[in-house]
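Visitor: Okay, handing you the structure first.
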Amino acid sequence: MPLKIAILASGSGTNAQAMIDKAAAGVLDVEIRLIVSNRPGAGVLERAARAGVPNMVLDHTDHPSREAHEAAVVAALKASGAEYIVLAGYMRLLTPVFLEPFAGRVLNIHPALLPSFPGAHGGADALAYGVKLTGCSVHFVEEEMDAGPLIIQAAVPVNAGEPLETLMPRIHALEHRIYPQALQWLAEGRIRREGRQIFLAPGSSKPLRPDGDWFVWPPLEEGF
């Protein structure tokens with residue numbers, strides 16, 4: 001049975017598109033039950049419509065509080081039948097009103113190597129600090145921002161003086177690979193959590209060797 005997911009996004013939806021494409025190609029064993037955006041006109045809604053994925057807007061400005069908005073989102077997600085909630089550029093901090101109904105079943109991707117550089121500008125903050133390696137991280141979501149247990153991380157080198165405009169596309173390219181990979185591991189039932197440690201059971205797919213200046217751990221597998 002495919003893993004039933006719902007995607008929350010605030011922007012253009014490139015990570016959502018990567019999941020849509022992988023699922024359509026038969027590589028990612030998920031069923032996207034719903035895509036929700038808190039911003040009317042967000043690009044992710046157009047992507048969902050083109051792919052025939054159910055989608056809706058729940059504008060946070062239409063609700064009197066963060067908690068009231070989250071309650072409306074939770075109701076929509078429950079009605080969709082989604083088992084896991086995938087945050088893909090969802091620019092809203094989540095409270096227990098959202099997290100408790102889906103405890104242990106909310107994922108996020110962050111454009112830096114956590115626990116370093118949490119927050120909304122992880123890539124820019126890492127670059128400004130002068131790091132020599134940065135990347136992206138897929139993690140389970142907990143109430144503390146960008147602090148949940150890590151599932152998979154990808155690293156890329158940072159060149160001295162490199163502008164953010166050239167660094168971020170390299171990070172985003174790996175986001176579009178490691179996020180679907182993490183979901184596939186969940187779909188295969190291969191992820192086990194003990195405290196902050198995430199264990200990955202062996203699978204039948206062949207691990208990939210890096211084909212450029214990047215490194216991923218646990219390794220990407222065939223198809224990703």
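In the structure tokens, the first chain shown is A, the next is B, and so on; residue numbers restart at 1 for each chain, and ligands run from 1 in the order shown.
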Quick one: residues within 9 Å of Tyr84 (chain A), only C-alpha atoms, excluding same-chain residues fewer than 4 positions away - as number ranges by chain?

Guide: A: 3-7, 102, 104-107

Visitor: Name the residues in contact with Ala126 (chain A) at a cut-off of 10 Å, using only C-alpha atoms, excluding same-chain residues fewer than 2 positions from it; report them as a PyMOL selection string.

Guide: chain A and resi 111-113+116-118+121-124+128-135+158+164

Visitor: Write the residues of the selection above to a file with all heavy atoms, as a tab-separated table (two decimals), in the first residue's frame.

Guide:
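Output below, filename result.tsv:
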```
chain	number	residue	atom	x	y	z
A	111	PRO	N	17.33	23.96	4.71
A	111	PRO	CA	18.46	24.19	3.81
A	111	PRO	C	19.77	24.50	4.54
A	111	PRO	O	20.44	25.50	4.26
A	111	PRO	CB	17.99	25.39	2.98
A	111	PRO	CG	17.14	26.17	3.93
A	111	PRO	CD	16.43	25.13	4.76
A	112	ALA	N	20.15	23.64	5.46
A	112	ALA	CA	21.44	23.73	6.15
A	112	ALA	C	21.66	22.40	6.84
A	112	ALA	O	20.75	21.55	6.91
A	112	ALA	CB	21.46	24.88	7.15
A	113	LEU	N	22.87	22.22	7.35
A	113	LEU	CA	23.20	20.99	8.05
A	113	LEU	C	22.88	21.17	9.53
A	113	LEU	O	23.71	21.64	10.31
A	113	LEU	CB	24.69	20.64	7.84
A	113	LEU	CG	25.07	20.27	6.41
A	113	LEU	CD1	26.59	20.09	6.29
A	113	LEU	CD2	24.35	19.02	5.95
A	116	SER	N	23.19	23.05	13.02
A	116	SER	CA	23.70	24.40	12.71
A	116	SER	C	22.70	25.17	11.86
A	116	SER	O	22.03	24.60	11.00
A	116	SER	CB	25.03	24.30	11.95
A	116	SER	OG	26.01	23.65	12.72
A	117	PHE	N	22.60	26.45	12.11
A	117	PHE	CA	21.85	27.40	11.29
A	117	PHE	C	20.38	27.04	11.13
A	117	PHE	O	19.88	26.90	10.01
A	117	PHE	CB	22.53	27.56	9.92
A	117	PHE	CG	23.98	27.86	10.04
A	117	PHE	CD1	24.93	26.91	9.69
A	117	PHE	CD2	24.42	29.09	10.52
A	117	PHE	CE1	26.29	27.17	9.82
A	117	PHE	CE2	25.78	29.37	10.65
A	117	PHE	CZ	26.72	28.41	10.30
A	118	PRO	N	19.66	26.88	12.25
A	118	PRO	CA	18.21	26.71	12.15
A	118	PRO	C	17.56	28.03	11.77
A	118	PRO	O	18.22	29.08	11.75
A	118	PRO	CB	17.83	26.28	13.57
A	118	PRO	CG	18.86	26.94	14.44
A	118	PRO	CD	20.14	26.90	13.63
A	121	HIS	N	16.40	31.30	7.42
A	121	HIS	CA	17.43	31.69	6.45
A	121	HIS	C	18.69	30.84	6.63
A	121	HIS	O	19.80	31.36	6.62
A	121	HIS	CB	17.77	33.17	6.61
A	121	HIS	CG	16.57	34.06	6.56
A	121	HIS	ND1	15.85	34.28	5.40
A	121	HIS	CD2	15.94	34.76	7.55
A	121	HIS	CE1	14.84	35.09	5.67
A	121	HIS	NE2	14.86	35.40	6.95
A	122	GLY	N	18.50	29.53	6.76
A	122	GLY	CA	19.62	28.64	7.04
A	122	GLY	C	20.73	28.71	6.02
A	122	GLY	O	21.92	28.78	6.37
A	123	GLY	N	20.39	28.71	4.74
A	123	GLY	CA	21.41	28.77	3.70
A	123	GLY	C	22.19	30.06	3.74
A	123	GLY	O	23.44	30.06	3.67
A	124	ALA	N	21.50	31.17	3.84
A	124	ALA	CA	22.16	32.47	3.89
A	124	ALA	C	23.00	32.62	5.15
A	124	ALA	O	24.11	33.17	5.12
A	124	ALA	CB	21.12	33.59	3.81
A	128	ALA	N	27.01	33.30	5.26
A	128	ALA	CA	27.53	34.48	5.94
A	128	ALA	C	28.54	34.11	7.02
A	128	ALA	O	29.49	34.86	7.28
A	128	ALA	CB	26.38	35.28	6.54
A	129	TYR	N	28.37	32.94	7.64
A	129	TYR	CA	29.29	32.49	8.68
A	129	TYR	C	30.64	32.08	8.11
A	129	TYR	O	31.65	32.08	8.81
A	129	TYR	CB	28.67	31.32	9.44
A	129	TYR	CG	29.37	30.97	10.71
A	129	TYR	CD1	29.07	31.63	11.90
A	129	TYR	CD2	30.34	29.96	10.74
A	129	TYR	CE1	29.71	31.30	13.08
A	129	TYR	CE2	30.99	29.63	11.92
A	129	TYR	CZ	30.67	30.30	13.08
A	129	TYR	OH	31.32	29.98	14.25
A	130	GLY	N	30.65	31.72	6.83
A	130	GLY	CA	31.90	31.30	6.20
A	130	GLY	C	32.17	29.82	6.27
A	130	GLY	O	33.34	29.40	6.21
A	131	VAL	N	31.14	28.99	6.35
A	131	VAL	CA	31.34	27.54	6.43
A	131	VAL	C	31.97	27.03	5.13
A	131	VAL	O	31.84	27.66	4.07
A	131	VAL	CB	30.02	26.80	6.69
A	131	VAL	CG1	29.41	27.23	8.01
A	131	VAL	CG2	29.03	27.02	5.55
A	132	LYS	N	32.62	25.91	5.21
A	132	LYS	CA	33.20	25.26	4.04
A	132	LYS	C	32.32	24.13	3.50
A	132	LYS	O	32.49	23.69	2.38
A	132	LYS	CB	34.59	24.70	4.37
A	132	LYS	CG	35.58	25.78	4.79
A	132	LYS	CD	35.70	26.87	3.71
A	132	LYS	CE	36.71	27.94	4.11
A	132	LYS	NZ	36.73	29.06	3.13
A	133	LEU	N	31.38	23.67	4.33
A	133	LEU	CA	30.39	22.69	3.92
A	133	LEU	C	29.03	23.15	4.42
A	133	LEU	O	28.89	23.61	5.55
A	133	LEU	CB	30.68	21.30	4.51
A	133	LEU	CG	31.88	20.53	3.97
A	133	LEU	CD1	32.09	19.28	4.82
A	133	LEU	CD2	31.65	20.13	2.52
A	134	THR	N	28.04	23.02	3.59
A	134	THR	CA	26.66	23.23	4.01
A	134	THR	C	25.80	22.22	3.28
A	134	THR	O	26.33	21.27	2.70
A	134	THR	CB	26.21	24.68	3.77
A	134	THR	OG1	24.93	24.87	4.39
A	134	THR	CG2	26.11	25.02	2.28
A	135	GLY	N	24.49	22.37	3.31
A	135	GLY	CA	23.66	21.37	2.64
A	135	GLY	C	22.22	21.45	3.07
A	135	GLY	O	21.67	22.54	3.23
A	158	VAL	N	31.28	24.75	-0.07
A	158	VAL	CA	31.03	26.18	-0.26
A	158	VAL	C	32.34	26.83	-0.69
A	158	VAL	O	33.35	26.71	-0.01
A	158	VAL	CB	30.51	26.84	1.03
A	158	VAL	CG1	30.20	28.32	0.78
A	158	VAL	CG2	29.28	26.11	1.56
A	164	LEU	N	25.06	33.63	-2.81
A	164	LEU	CA	23.94	32.77	-2.45
A	164	LEU	C	23.21	32.28	-3.69
A	164	LEU	O	22.67	31.16	-3.70
A	164	LEU	CB	22.98	33.55	-1.54
A	164	LEU	CG	21.87	32.75	-0.86
A	164	LEU	CD1	22.46	31.74	0.11
A	164	LEU	CD2	20.91	33.69	-0.13
```

Visitor: Enumerate, as a list in words, the complete set of residues in region 66-130 of chain A that a backbone-based DSSP assignment places in alpha helix (DSSP H).

Guide: Arg66, Glu67, Ala68, His69, Glu70, Ala71, Ala72, Val73, Val74, Ala75, Ala76, Leu77, Lys78, Ala79, Ser80, Pro96, Val97, Phe98, Leu99, Gly122, Gly123, Ala124, Asp125, Ala126, Leu127, Ala128 and Tyr129 of chain A

Visitor: Please write the residues from the selection above to a file, keeping C-alpha atoms, as a PDB file, in the first residue's frame.

Guide:
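Written file, part20.pdb:
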```pdb
ATOM      1  CA  ARG A  66      -2.355  30.752  14.865  1.00  0.00           C
ATOM      2  CA  GLU A  67      -4.118  28.028  16.802  1.00  0.00           C
ATOM      3  CA  ALA A  68      -7.425  28.625  15.018  1.00  0.00           C
ATOM      4  CA  HIS A  69      -5.680  28.390  11.664  1.00  0.00           C
ATOM      5  CA  GLU A  70      -3.884  25.205  12.657  1.00  0.00           C
ATOM      6  CA  ALA A  71      -7.142  23.639  13.829  1.00  0.00           C
ATOM      7  CA  ALA A  72      -8.630  24.256  10.383  1.00  0.00           C
ATOM      8  CA  VAL A  73      -5.552  22.756   8.696  1.00  0.00           C
ATOM      9  CA  VAL A  74      -5.631  19.711  10.976  1.00  0.00           C
ATOM     10  CA  ALA A  75      -9.290  19.116  10.147  1.00  0.00           C
ATOM     11  CA  ALA A  76      -8.529  19.207   6.413  1.00  0.00           C
ATOM     12  CA  LEU A  77      -5.549  16.881   6.788  1.00  0.00           C
ATOM     13  CA  LYS A  78      -7.509  14.371   8.837  1.00  0.00           C
ATOM     14  CA  ALA A  79     -10.320  14.428   6.293  1.00  0.00           C
ATOM     15  CA  SER A  80      -7.805  13.667   3.535  1.00  0.00           C
ATOM     16  CA  PRO A  96       0.974  21.607  19.699  1.00  0.00           C
ATOM     17  CA  VAL A  97      -2.488  22.191  18.191  1.00  0.00           C
ATOM     18  CA  PHE A  98      -0.996  20.901  14.934  1.00  0.00           C
ATOM     19  CA  LEU A  99       1.781  18.626  16.146  1.00  0.00           C
ATOM     20  CA  GLY A 122      19.623  28.635   7.043  1.00  0.00           C
ATOM     21  CA  GLY A 123      21.413  28.768   3.704  1.00  0.00           C
ATOM     22  CA  ALA A 124      22.161  32.470   3.890  1.00  0.00           C
ATOM     23  CA  ASP A 125      23.233  32.219   7.531  1.00  0.00           C
ATOM     24  CA  ALA A 126      25.652  29.382   6.768  1.00  0.00           C
ATOM     25  CA  LEU A 127      27.157  31.313   3.873  1.00  0.00           C
ATOM     26  CA  ALA A 128      27.531  34.482   5.941  1.00  0.00           C
ATOM     27  CA  TYR A 129      29.288  32.492   8.677  1.00  0.00           C
TER      28      TYR A 129
END
```

Visitor: Apply DSSP to the backbone of this structure and, from region 4-221 of chain A, keep only the residues in strand (DSSP E); write these as a PyMOL selection string.

Guide: chain A and resi 4-9+30-37+55-57+84-87+106-110+133-140+150-157+191-194+197-200+215-217

Visitor: If you measure from CA of Pro210 (chain A) to CA of Ile178 (chain A), what distance in Å do you get, rounded to one decimal?

Guide: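 Answer for the CA of Pro210 (chain A) to CA of Ile178 (chain A) separation: 12.8 Å.
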
Visitor: Of the candidates A:Thr95, A:Asn108, A:Asn55, A:Ser12, which one gets nearest to Leu183 (chain A) if we count only C-alpha atoms?

Guide: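 Under the stated criterion, the closest residue is A:Asn108.
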
Visitor: What are the closest atom pairs, with distances in Å to one decimal, for all residues of region 104-216 of chain A lying within 7 Å of region 19-38 of chain A? Consider only C-alpha atoms, order rows by chain and residue number, and present the result as a Markdown table.

Guide:
```
| residue | atom | partner | partner_atom | distance |
| --- | --- | --- | --- | --- |
| A:Pro180 | CA | A:Met19 | CA | 5.8 |
| A:Gln184 | CA | A:Leu28 | CA | 5.7 |
| A:Ala187 | CA | A:Asp29 | CA | 6.3 |
```
